[in-house]
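Okay, target.tsv is below, TSV, C-alpha atoms and all ligand atoms:
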```tsv
chain	number	residue	atom	x	y	z
A	251	MET	CA	5.05	9.86	-9.06
A	252	SER	CA	1.37	9.27	-8.32
A	253	TYR	CA	-0.71	11.97	-6.69
A	254	LEU	CA	-1.45	9.65	-3.77
A	255	SER	CA	1.11	7.05	-2.94
A	256	ALA	CA	0.39	4.85	0.08
A	257	THR	CA	3.09	2.24	0.07
A	258	ASN	CA	3.84	-0.94	2.01
A	259	MET	CA	1.27	-0.25	4.73
A	260	THR	CA	1.37	-2.74	7.58
A	261	GLY	CA	-0.68	-2.41	10.74
A	262	GLY	CA	-4.00	-3.01	12.46
A	263	TYR	CA	-6.05	-2.14	15.49
A	264	GLY	CA	-4.28	-4.05	18.24
A	265	LYS	CA	-1.41	-6.45	18.18
A	266	ALA	CA	-2.59	-8.38	15.13
A	267	ASP	CA	-1.91	-6.74	11.79
A	268	ILE	CA	-4.81	-6.38	9.39
A	269	LEU	CA	-2.83	-4.78	6.56
A	270	HIS	CA	0.18	-6.60	5.18
A	271	ASP	CA	2.48	-4.59	2.95
A	272	CYS	CA	-0.52	-3.00	1.26
A	273	THR	CA	0.13	-0.43	-1.46
A	274	LEU	CA	-2.42	1.92	-3.06
A	275	THR	CA	-1.66	4.70	-5.52
A	276	VAL	CA	-3.85	7.10	-7.48
A	277	ASP	CA	-2.84	9.48	-10.24
A	278	LYS	CA	-4.23	12.95	-10.64
A	279	GLY	CA	-7.81	12.99	-11.87
A	280	GLN	CA	-7.97	9.22	-11.98
A	281	ILE	CA	-10.32	6.77	-10.34
A	282	ALA	CA	-8.83	3.91	-8.33
A	283	VAL	CA	-11.17	1.25	-7.00
A	284	ILE	CA	-10.55	-1.24	-4.20
A	285	VAL	CA	-12.59	-4.44	-4.21
A	286	GLY	CA	-12.34	-7.63	-2.20
A	287	PRO	CA	-14.26	-9.89	0.15
A	288	ASN	CA	-15.88	-8.73	3.37
A	289	GLY	CA	-13.30	-8.34	6.09
A	290	ALA	CA	-10.43	-8.08	3.59
A	291	GLY	CA	-9.29	-4.84	5.17
A	292	LYS	CA	-10.62	-2.39	2.57
A	293	SER	CA	-11.99	0.05	5.15
A	294	THR	CA	-8.90	-0.44	7.27
A	295	ALA	CA	-6.73	0.51	4.29
A	296	MET	CA	-8.81	3.66	3.74
A	297	LYS	CA	-8.46	4.58	7.41
A	298	ALA	CA	-4.72	4.01	7.18
A	299	VAL	CA	-4.43	6.35	4.19
A	300	PHE	CA	-6.47	8.95	6.08
A	301	GLY	CA	-4.32	8.66	9.22
A	302	MET	CA	-6.87	6.99	11.48
A	303	LEU	CA	-4.73	3.92	12.04
A	304	GLY	CA	-1.29	3.68	13.58
A	305	LEU	CA	0.84	1.96	10.95
A	306	ARG	CA	3.81	-0.17	11.96
A	307	ALA	CA	5.32	0.29	8.53
A	308	GLY	CA	4.63	2.11	5.33
A	309	GLN	CA	4.43	5.62	4.01
A	310	VAL	CA	1.76	7.94	2.65
A	311	THR	CA	2.69	10.74	0.29
A	312	LEU	CA	0.30	13.24	-1.27
A	313	ASP	CA	1.51	15.30	-4.20
A	314	GLY	CA	5.06	14.30	-3.34
A	315	THR	CA	4.87	15.34	0.31
A	316	ASP	CA	5.26	12.74	3.05
A	317	ILE	CA	2.16	13.06	5.23
A	318	SER	CA	2.63	9.81	7.17
A	319	ALA	CA	2.91	11.61	10.49
A	320	LEU	CA	-0.09	13.92	10.03
A	321	SER	CA	-3.43	13.65	11.85
A	322	PRO	CA	-6.59	13.15	9.76
A	323	GLN	CA	-7.49	16.82	10.26
A	324	ASP	CA	-4.10	17.92	8.94
A	325	ARG	CA	-4.49	15.55	5.99
A	326	VAL	CA	-7.77	17.32	5.19
A	327	LYS	CA	-5.84	20.59	5.14
A	328	LYS	CA	-3.40	18.99	2.69
A	329	GLY	CA	-6.23	18.07	0.35
A	330	MET	CA	-7.78	14.78	1.45
A	331	GLY	CA	-11.52	14.29	1.72
A	332	PHE	CA	-12.89	11.11	3.27
A	333	VAL	CA	-16.39	9.64	3.25
A	334	PRO	CA	-16.40	6.73	5.71
A	335	GLN	CA	-18.49	3.58	5.22
A	336	VAL	CA	-20.76	4.24	8.20
A	337	ASN	CA	-22.01	7.28	10.14
A	338	ASN	CA	-21.06	9.58	7.28
A	339	VAL	CA	-23.79	12.20	7.82
A	340	PHE	CA	-25.20	13.98	10.87
A	341	PRO	CA	-28.80	12.68	10.76
A	342	THR	CA	-30.36	15.30	13.04
A	343	MET	CA	-28.83	18.21	11.15
A	344	THR	CA	-30.18	19.61	7.91
A	345	VAL	CA	-28.56	18.97	4.56
A	346	GLU	CA	-27.24	22.51	4.54
A	347	GLU	CA	-25.84	22.19	8.07
A	348	ASN	CA	-24.13	18.95	7.06
A	349	LEU	CA	-22.45	20.76	4.18
A	350	GLU	CA	-21.47	23.61	6.50
A	351	MET	CA	-19.90	21.09	8.88
A	352	GLY	CA	-17.88	19.85	5.93
A	353	ALA	CA	-16.42	23.31	5.53
A	354	PHE	CA	-15.23	23.43	9.13
A	355	ILE	CA	-11.56	23.94	8.33
A	356	ARG	CA	-12.20	26.79	5.92
A	357	ASN	CA	-11.97	30.43	6.91
A	358	ASP	CA	-12.94	31.75	3.50
A	359	ASN	CA	-16.36	31.97	1.90
A	360	TYR	CA	-17.59	28.47	1.12
A	361	ARG	CA	-20.92	29.47	-0.46
A	362	VAL	CA	-19.55	29.01	-3.99
A	363	THR	CA	-18.48	25.46	-3.14
A	364	MET	CA	-21.93	24.76	-1.70
A	365	GLU	CA	-23.49	25.93	-4.95
A	366	GLN	CA	-21.14	23.59	-6.83
A	367	VAL	CA	-22.31	20.71	-4.62
A	368	PHE	CA	-25.93	21.69	-5.36
A	369	ASP	CA	-25.10	21.74	-9.10
A	370	LEU	CA	-23.67	18.24	-8.80
A	371	PHE	CA	-26.55	16.95	-6.67
A	372	PRO	CA	-29.61	19.15	-7.42
A	373	ILE	CA	-31.88	17.17	-5.08
A	374	LEU	CA	-29.80	18.40	-2.15
A	375	LYS	CA	-30.70	21.98	-2.96
A	376	ASP	CA	-34.40	21.11	-2.84
A	377	LYS	CA	-33.92	19.31	0.45
A	378	ARG	CA	-31.41	21.64	2.01
A	379	ARG	CA	-33.64	22.48	5.00
A	380	GLN	CA	-34.55	18.86	5.66
A	381	ASN	CA	-32.75	16.69	8.21
A	382	ALA	CA	-30.26	14.33	6.58
A	383	GLY	CA	-31.74	11.45	8.59
A	384	GLU	CA	-35.04	11.85	6.71
A	385	LEU	CA	-33.47	11.34	3.27
A	386	SER	CA	-33.31	8.16	1.21
A	387	GLY	CA	-30.13	6.09	1.27
A	388	GLY	CA	-28.97	7.45	-2.07
A	389	GLN	CA	-29.68	11.03	-1.06
A	390	ARG	CA	-27.79	10.55	2.22
A	391	GLN	CA	-24.79	9.28	0.28
A	392	GLN	CA	-24.97	12.44	-1.84
A	393	VAL	CA	-24.90	14.51	1.35
A	394	ALA	CA	-21.86	12.56	2.54
A	395	VAL	CA	-20.01	13.07	-0.73
A	396	GLY	CA	-21.07	16.72	-0.82
A	397	ARG	CA	-19.86	17.24	2.73
A	398	ALA	CA	-16.43	15.87	1.78
A	399	LEU	CA	-16.31	18.13	-1.28
A	400	MET	CA	-16.84	21.21	0.89
A	401	THR	CA	-13.13	21.29	1.81
A	402	GLN	CA	-12.25	21.31	-1.92
A	403	PRO	CA	-10.21	18.12	-1.70
A	404	LYS	CA	-7.71	17.11	-4.34
A	405	LEU	CA	-8.12	13.46	-3.35
A	406	LEU	CA	-11.60	12.18	-2.55
A	407	MET	CA	-11.76	8.88	-0.67
A	408	LEU	CA	-15.09	7.05	-0.70
A	409	ASP	CA	-15.79	3.87	1.29
A	410	GLU	CA	-18.71	2.11	-0.40
A	411	PRO	CA	-20.59	5.18	-1.64
A	412	THR	CA	-23.28	3.03	-3.25
A	413	ALA	CA	-24.00	0.79	-0.26
A	414	GLY	CA	-27.69	0.06	0.02
A	415	VAL	CA	-28.83	2.00	-3.03
A	416	SER	CA	-30.72	0.71	-6.09
A	417	PRO	CA	-28.87	-0.06	-9.36
A	418	ILE	CA	-30.23	3.12	-10.97
A	419	VAL	CA	-29.07	5.30	-8.10
A	420	MET	CA	-25.73	3.50	-8.15
A	421	ASP	CA	-25.26	4.34	-11.85
A	422	GLU	CA	-26.15	7.97	-11.16
A	423	LEU	CA	-23.68	8.18	-8.27
A	424	PHE	CA	-20.94	6.66	-10.42
A	425	ASP	CA	-21.68	9.24	-13.13
A	426	ARG	CA	-21.32	12.03	-10.57
A	427	ILE	CA	-18.05	10.52	-9.33
A	428	ILE	CA	-16.72	10.44	-12.90
A	429	GLU	CA	-17.75	14.09	-13.22
A	430	VAL	CA	-15.80	14.94	-10.07
A	431	ALA	CA	-12.72	13.11	-11.37
A	432	ARG	CA	-12.91	15.06	-14.65
A	433	THR	CA	-12.36	18.27	-12.67
A	434	GLY	CA	-8.91	16.91	-11.75
A	435	ILE	CA	-9.79	15.42	-8.36
A	436	SER	CA	-8.31	11.98	-7.73
A	437	ILE	CA	-10.72	9.33	-6.45
A	438	LEU	CA	-9.91	6.36	-4.22
A	439	MET	CA	-13.03	4.29	-3.74
A	440	VAL	CA	-13.96	1.03	-2.06
A	441	GLU	CA	-16.83	-0.76	-3.76
A	442	GLN	CA	-18.98	-3.78	-3.09
A	443	ASN	CA	-20.43	-3.54	-6.62
A	444	ALA	CA	-17.12	-4.75	-7.97
A	445	ARG	CA	-18.00	-5.27	-11.62
A	446	GLN	CA	-19.69	-1.89	-12.11
A	447	ALA	CA	-16.99	-0.05	-10.18
A	448	LEU	CA	-14.16	-1.64	-12.15
A	449	GLU	CA	-15.92	-0.50	-15.33
A	450	ILE	CA	-15.20	3.10	-14.36
A	451	ALA	CA	-11.82	2.45	-12.71
A	452	ASP	CA	-8.57	3.62	-14.25
A	453	LYS	CA	-6.91	1.33	-11.74
A	454	GLY	CA	-8.28	-1.52	-9.68
A	455	TYR	CA	-7.04	-3.26	-6.57
A	456	VAL	CA	-8.23	-6.63	-5.36
A	457	LEU	CA	-7.46	-6.79	-1.66
A	458	VAL	CA	-7.44	-10.14	0.14
A	459	GLN	CA	-6.53	-10.58	3.80
A	460	GLY	CA	-5.01	-7.14	3.95
A	461	ALA	CA	-2.67	-7.68	1.02
A	462	ASN	CA	-2.63	-6.71	-2.67
A	463	LYS	CA	-3.81	-9.78	-4.56
A	464	TYR	CA	-4.33	-8.26	-8.03
A	465	THR	CA	-3.54	-4.78	-9.32
A	466	ASP	CA	-4.23	-3.67	-12.87
A	467	THR	CA	-6.42	-1.38	-14.93
A	468	GLY	CA	-10.12	-1.82	-14.26
A	469	GLN	CA	-10.60	-3.29	-17.74
A	470	ALA	CA	-7.76	-5.77	-17.34
A	471	LEU	CA	-9.13	-7.00	-14.02
A	472	LEU	CA	-12.59	-7.40	-15.55
A	473	ALA	CA	-11.04	-9.53	-18.29
A	474	ASP	CA	-8.85	-11.63	-15.97
A	475	PRO	CA	-10.31	-15.15	-15.71
A	476	ASP	CA	-8.98	-15.68	-12.16
A	477	VAL	CA	-10.38	-12.39	-10.93
A	478	ARG	CA	-13.70	-13.07	-12.65
A	479	ARG	CA	-14.05	-16.55	-11.23
A	480	THR	CA	-13.00	-15.70	-7.69
A	481	PHE	CA	-14.29	-12.17	-7.14
A	482	LEU	CA	-16.77	-11.24	-9.83
A	483	GLY	CA	-19.02	-14.27	-9.82
A	484	GLY	CA	-17.77	-15.77	-13.10
B	501	LIG	N1	-12.16	-0.99	15.04
B	501	LIG	C1	-11.73	-2.24	14.89
B	501	LIG	N2	-11.10	-2.88	15.90
B	501	LIG	C2	-10.64	-4.15	15.74
B	501	LIG	N3	-10.75	-4.85	14.60
B	501	LIG	C3	-11.35	-4.27	13.57
B	501	LIG	C4	-11.87	-2.93	13.64
B	501	LIG	N4	-12.42	-2.62	12.45
B	501	LIG	C5	-12.25	-3.71	11.67
B	501	LIG	N5	-11.61	-4.69	12.33
B	501	LIG	C6	-11.23	-6.00	11.77
B	501	LIG	O1	-10.35	-5.79	10.68
B	501	LIG	C7	-10.60	-6.70	9.61
B	501	LIG	C8	-10.84	-5.92	8.33
B	501	LIG	O2	-12.03	-5.13	8.49
B	501	LIG	P1	-12.44	-4.02	7.45
B	501	LIG	O3	-13.61	-3.31	8.02
B	501	LIG	O4	-11.25	-3.23	7.07
B	501	LIG	O5	-12.86	-4.93	6.20
B	501	LIG	P2	-13.59	-4.52	4.85
B	501	LIG	O6	-12.80	-5.14	3.74
B	501	LIG	O7	-13.83	-3.08	4.82
B	501	LIG	O8	-14.98	-5.32	4.99
B	501	LIG	P3	-16.46	-4.93	4.45
B	501	LIG	O9	-16.49	-5.34	3.01
B	501	LIG	O10	-17.36	-5.81	5.27
B	501	LIG	O11	-16.69	-3.47	4.66
B	501	LIG	C9	-11.80	-7.54	10.07
B	501	LIG	O12	-11.30	-8.76	10.55
B	501	LIG	C10	-12.42	-6.73	11.18
B	501	LIG	O13	-13.02	-7.56	12.12
B	502	MG	MG	-15.50	-1.90	4.75
```
Let me see whether you can do it: turn the structure in this file into structure tokens.
Amino acid sequence: MSYLSATNMTGGYGKADILHDCTLTVDKGQIAVIVGPNGAGKSTAMKAVFGMLGLRAGQVTLDGTDISALSPQDRVKKGMGFVPQVNNVFPTMTVEENLEMGAFIRNDNYRVTMEQVFDLFPILKDKRRQNAGELSGGQRQQVAVGRALMTQPKLLMLDEPTAGVSPIVMDELFDRIIEVARTGISILMVEQNARQALEIADKGYVLVQGANKYTDTGQALLADPDVRRTFLGG
């Protein structure tokens, strides 16, 4: 069984369903990438996995445990970390305070984890006393990822971590994400840079209108003529 198994999710915000029988799974230490057009429901699917959406149907299990009924905060305690697409840092707090906020559920000493985040993103150590709102887009995304890592998640969920950053910064962020996965953390990531993200994906999902349109390895999706023509610009 996969480490994360979110199966047959159906639901939305009001009466109309956004997700239709959507299934997402990630194995331990693997990278799963969700791509698809704007409005496809990618962020909605992430929220559903994290427990921010009331599902009409479907089930979420983490490491074999059914967590479908748990609040987002309780899912964090079970090992989920989530970096949302927007408002993912506290702009008027320093980098260090942002990381401390990430550790809110921990009662133990989180300094070691903070040092690990600084090892992963050295620029954050230099800027630790600076307000997150003063950082560049790429640096802010590093703060957001670092904040999520502060709870020592076993599954890290990232909604468009490279939004608004240059290609070089995107490549660097992807390298860091691969590094995180190599430590055994599973990654579930939504990406607008579909081609580059599928390059590093063990598994890829193309989501269209809230439903699974294509599911395969990242490499297989990149090689699929239909996927290329319709979603990857040829
Ligand atoms: N809070 C909300 N309340 C009502 N409808 C919403 C809400 N958030 C999103 N929607 C609707 O749900 C659908 C899917 O939106 P969602 O944000 O999940 O798409 P997405 O695939 O993440 O798009 P993008 O690539 O632009 O981030 C859209 O039609 C959107 O208008
Ligand atoms: Mg989105």
Please report, as a tab-separated table, each residue of chain A lying at most 12 Å from ligand MG 502 (chain B), together with the nearest pair of atoms and the separation in Å rounded to one decimal; use all atoms listed in the file, and order rows by chain and ascending residue number.
```
residue	atom	partner	partner_atom	distance
A:Ile284	CA	B:MG502	MG	10.2
A:Val285	CA	B:MG502	MG	9.8
A:Gly286	CA	B:MG502	MG	9.5
A:Pro287	CA	B:MG502	MG	9.3
A:Asn288	CA	B:MG502	MG	7.0
A:Gly289	CA	B:MG502	MG	6.9
A:Ala290	CA	B:MG502	MG	8.1
A:Gly291	CA	B:MG502	MG	6.9
A:Lys292	CA	B:MG502	MG	5.4
A:Ser293	CA	B:MG502	MG	4.0
A:Thr294	CA	B:MG502	MG	7.2
A:Ala295	CA	B:MG502	MG	9.1
A:Met296	CA	B:MG502	MG	8.8
A:Lys297	CA	B:MG502	MG	9.9
A:Val333	CA	B:MG502	MG	11.7
A:Pro334	CA	B:MG502	MG	8.7
A:Gln335	CA	B:MG502	MG	6.3
A:Val336	CA	B:MG502	MG	8.8
A:Leu408	CA	B:MG502	MG	10.5
A:Asp409	CA	B:MG502	MG	6.7
A:Glu410	CA	B:MG502	MG	7.3
A:Pro411	CA	B:MG502	MG	10.8
A:Ala413	CA	B:MG502	MG	10.2
A:Met439	CA	B:MG502	MG	10.8
A:Val440	CA	B:MG502	MG	7.6
A:Glu441	CA	B:MG502	MG	8.7
A:Gln442	CA	B:MG502	MG	8.8
A:Leu457	CA	B:MG502	MG	11.4
A:Gly460	CA	B:MG502	MG	11.8
```
Would you compute an axis-aligned box for ligand LIG 501 (chain B), covering every atom listed for it in the file with 4 Å of margin on each side, and report centre and edge lengths in Å to one decimal as JSON?
```
{"center_x": -13.9, "center_y": -4.9, "center_z": 9.5, "size_x": 15.0, "size_y": 15.8, "size_z": 20.9}
```
Spatial neighbours of A:Val276, 6 Å, all atoms listed in the file, chain gap at least 3 places, as a PDB file with C-alpha atoms, in the frame of the given file:
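Writing done, so here's part.pdb:
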```
ATOM      1  CA  SER A 252       1.370   9.270  -8.320  1.00  0.00           C
ATOM      2  CA  TYR A 253      -0.710  11.970  -6.690  1.00  0.00           C
ATOM      3  CA  LEU A 254      -1.450   9.650  -3.770  1.00  0.00           C
ATOM      4  CA  ALA A 282      -8.830   3.910  -8.330  1.00  0.00           C
TER       5      ALA A 282
END
```
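Closest approach to A:Ala461 among A:Leu405, A:Leu274, A:Met330, A:Met251 is made by A:Leu274 (distances from all atoms listed in the file).
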If we draw a sphere of 12 Å around (-18.4, -8.1, -10.7), which residues have at least one atom in it when counting only C-alpha atoms? Please report them as a PDB file with C-alpha atoms, in the frame of the given file.
```pdb
ATOM      1  CA  VAL A 285     -12.590  -4.440  -4.210  1.00  0.00           C
ATOM      2  CA  GLY A 286     -12.340  -7.630  -2.200  1.00  0.00           C
ATOM      3  CA  PRO A 287     -14.260  -9.890   0.150  1.00  0.00           C
ATOM      4  CA  GLU A 441     -16.830  -0.760  -3.760  1.00  0.00           C
ATOM      5  CA  GLN A 442     -18.980  -3.780  -3.090  1.00  0.00           C
ATOM      6  CA  ASN A 443     -20.430  -3.540  -6.620  1.00  0.00           C
ATOM      7  CA  ALA A 444     -17.120  -4.750  -7.970  1.00  0.00           C
ATOM      8  CA  ARG A 445     -18.000  -5.270 -11.620  1.00  0.00           C
ATOM      9  CA  GLN A 446     -19.690  -1.890 -12.110  1.00  0.00           C
ATOM     10  CA  ALA A 447     -16.990  -0.050 -10.180  1.00  0.00           C
ATOM     11  CA  LEU A 448     -14.160  -1.640 -12.150  1.00  0.00           C
ATOM     12  CA  GLU A 449     -15.920  -0.500 -15.330  1.00  0.00           C
ATOM     13  CA  VAL A 456      -8.230  -6.630  -5.360  1.00  0.00           C
ATOM     14  CA  GLY A 468     -10.120  -1.820 -14.260  1.00  0.00           C
ATOM     15  CA  GLN A 469     -10.600  -3.290 -17.740  1.00  0.00           C
ATOM     16  CA  LEU A 471      -9.130  -7.000 -14.020  1.00  0.00           C
ATOM     17  CA  LEU A 472     -12.590  -7.400 -15.550  1.00  0.00           C
ATOM     18  CA  ALA A 473     -11.040  -9.530 -18.290  1.00  0.00           C
ATOM     19  CA  ASP A 474      -8.850 -11.630 -15.970  1.00  0.00           C
ATOM     20  CA  PRO A 475     -10.310 -15.150 -15.710  1.00  0.00           C
ATOM     21  CA  VAL A 477     -10.380 -12.390 -10.930  1.00  0.00           C
ATOM     22  CA  ARG A 478     -13.700 -13.070 -12.650  1.00  0.00           C
ATOM     23  CA  ARG A 479     -14.050 -16.550 -11.230  1.00  0.00           C
ATOM     24  CA  THR A 480     -13.000 -15.700  -7.690  1.00  0.00           C
ATOM     25  CA  PHE A 481     -14.290 -12.170  -7.140  1.00  0.00           C
ATOM     26  CA  LEU A 482     -16.770 -11.240  -9.830  1.00  0.00           C
ATOM     27  CA  GLY A 483     -19.020 -14.270  -9.820  1.00  0.00           C
ATOM     28  CA  GLY A 484     -17.770 -15.770 -13.100  1.00  0.00           C
TER      29      GLY A 484
END
```
Inset, instruction - Show which residues sit within 9 Å of A:Phe371, as a list in words. Count all atoms listed in the file, and ignore same-chain residues fewer than 2 positions away. - result: Gln366, Val367, Phe368, Asp369, Ile373, Leu374, Lys375, Gln389, Gln392, Val393, Gly396 and Arg426 of chain A
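Counting only C-alpha atoms and all ligand atoms and comparing A:Val458, A:Ala470, A:Val310, A:Met400, the residue that lies closest to ligand LIG 501 (chain B) is A:Val458.
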Inset, instruction - Extract, using all atoms listed in the file, all DNA, RNA and protein residues at most 8 Å from A:Ile355, discarding same-chain residues fewer than 3 positions from it, and format them as a list in words. - result: Lys327, Gly352 and Thr401 of chain A
Inset, instruction - Might you pull out every residue within 10 Å of A:Gly329, with all atoms listed in the file counted and same-chain residues fewer than 5 positions away left off, and present them as a ChimeraX atom specification? - result: /A:312-313,324,401-406,435
Any chance you can output those residues with C-alpha atoms as a compact mmCIF listing (two decimals), keeping the file's coordinate frame?
```txt
# COMPACT_ATOMS: atom_id res chain seq x y z
CA LEU A 312 0.30 13.24 -1.27
CA ASP A 313 1.51 15.30 -4.20
CA ASP A 324 -4.10 17.92 8.94
CA THR A 401 -13.13 21.29 1.81
CA GLN A 402 -12.25 21.31 -1.92
CA PRO A 403 -10.21 18.12 -1.70
CA LYS A 404 -7.71 17.11 -4.34
CA LEU A 405 -8.12 13.46 -3.35
CA LEU A 406 -11.60 12.18 -2.55
CA ILE A 435 -9.79 15.42 -8.36
```
Inset, instruction - Show which residues sit within 10 Å of A:Thr433, as a PyMOL selection string. Count only C-alpha atoms, and ignore same-chain residues fewer than 5 positions away. - result: chain A and resi 278-279+404+428
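For the atom pair formed by atom CA of A:Asp271 and atom CA of A:Ala451, the distance is 22.3 Å, given to one decimal.
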Legend entry - Computed interatomic separation between atom CA of A:Phe300 and atom CA of A:Thr257 (Å): 13.1 Å
Legend entry - Coordinates-based distance that separates atom CA of A:Thr412 from atom O7 of ligand LIG 501 (chain B) (Å, one decimal): 13.8 Å
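The shortest atom-to-atom distance to A:Lys265, with all atoms listed in the file taken into account, belongs to A:Gly304 out of A:Gly304, A:Glu384, A:Val345, A:Asp425.
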Inset, instruction - Return the single residue from A:Gln459, A:His270, A:Ser416, A:Asp277 that is closest to ligand LIG 501 (chain B), with distances computed using only C-alpha atoms and all ligand atoms. - result: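 For ligand LIG 501 (chain B), the nearest of the candidates is A:Gln459.
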Legend entry - Distance criterion (only C-alpha atoms): nearest to A:Gly331 out of A:Met407, A:Thr275, A:Leu438, A:Gly388: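 Looking at the shortest contact to A:Gly331, the residue is A:Met407.
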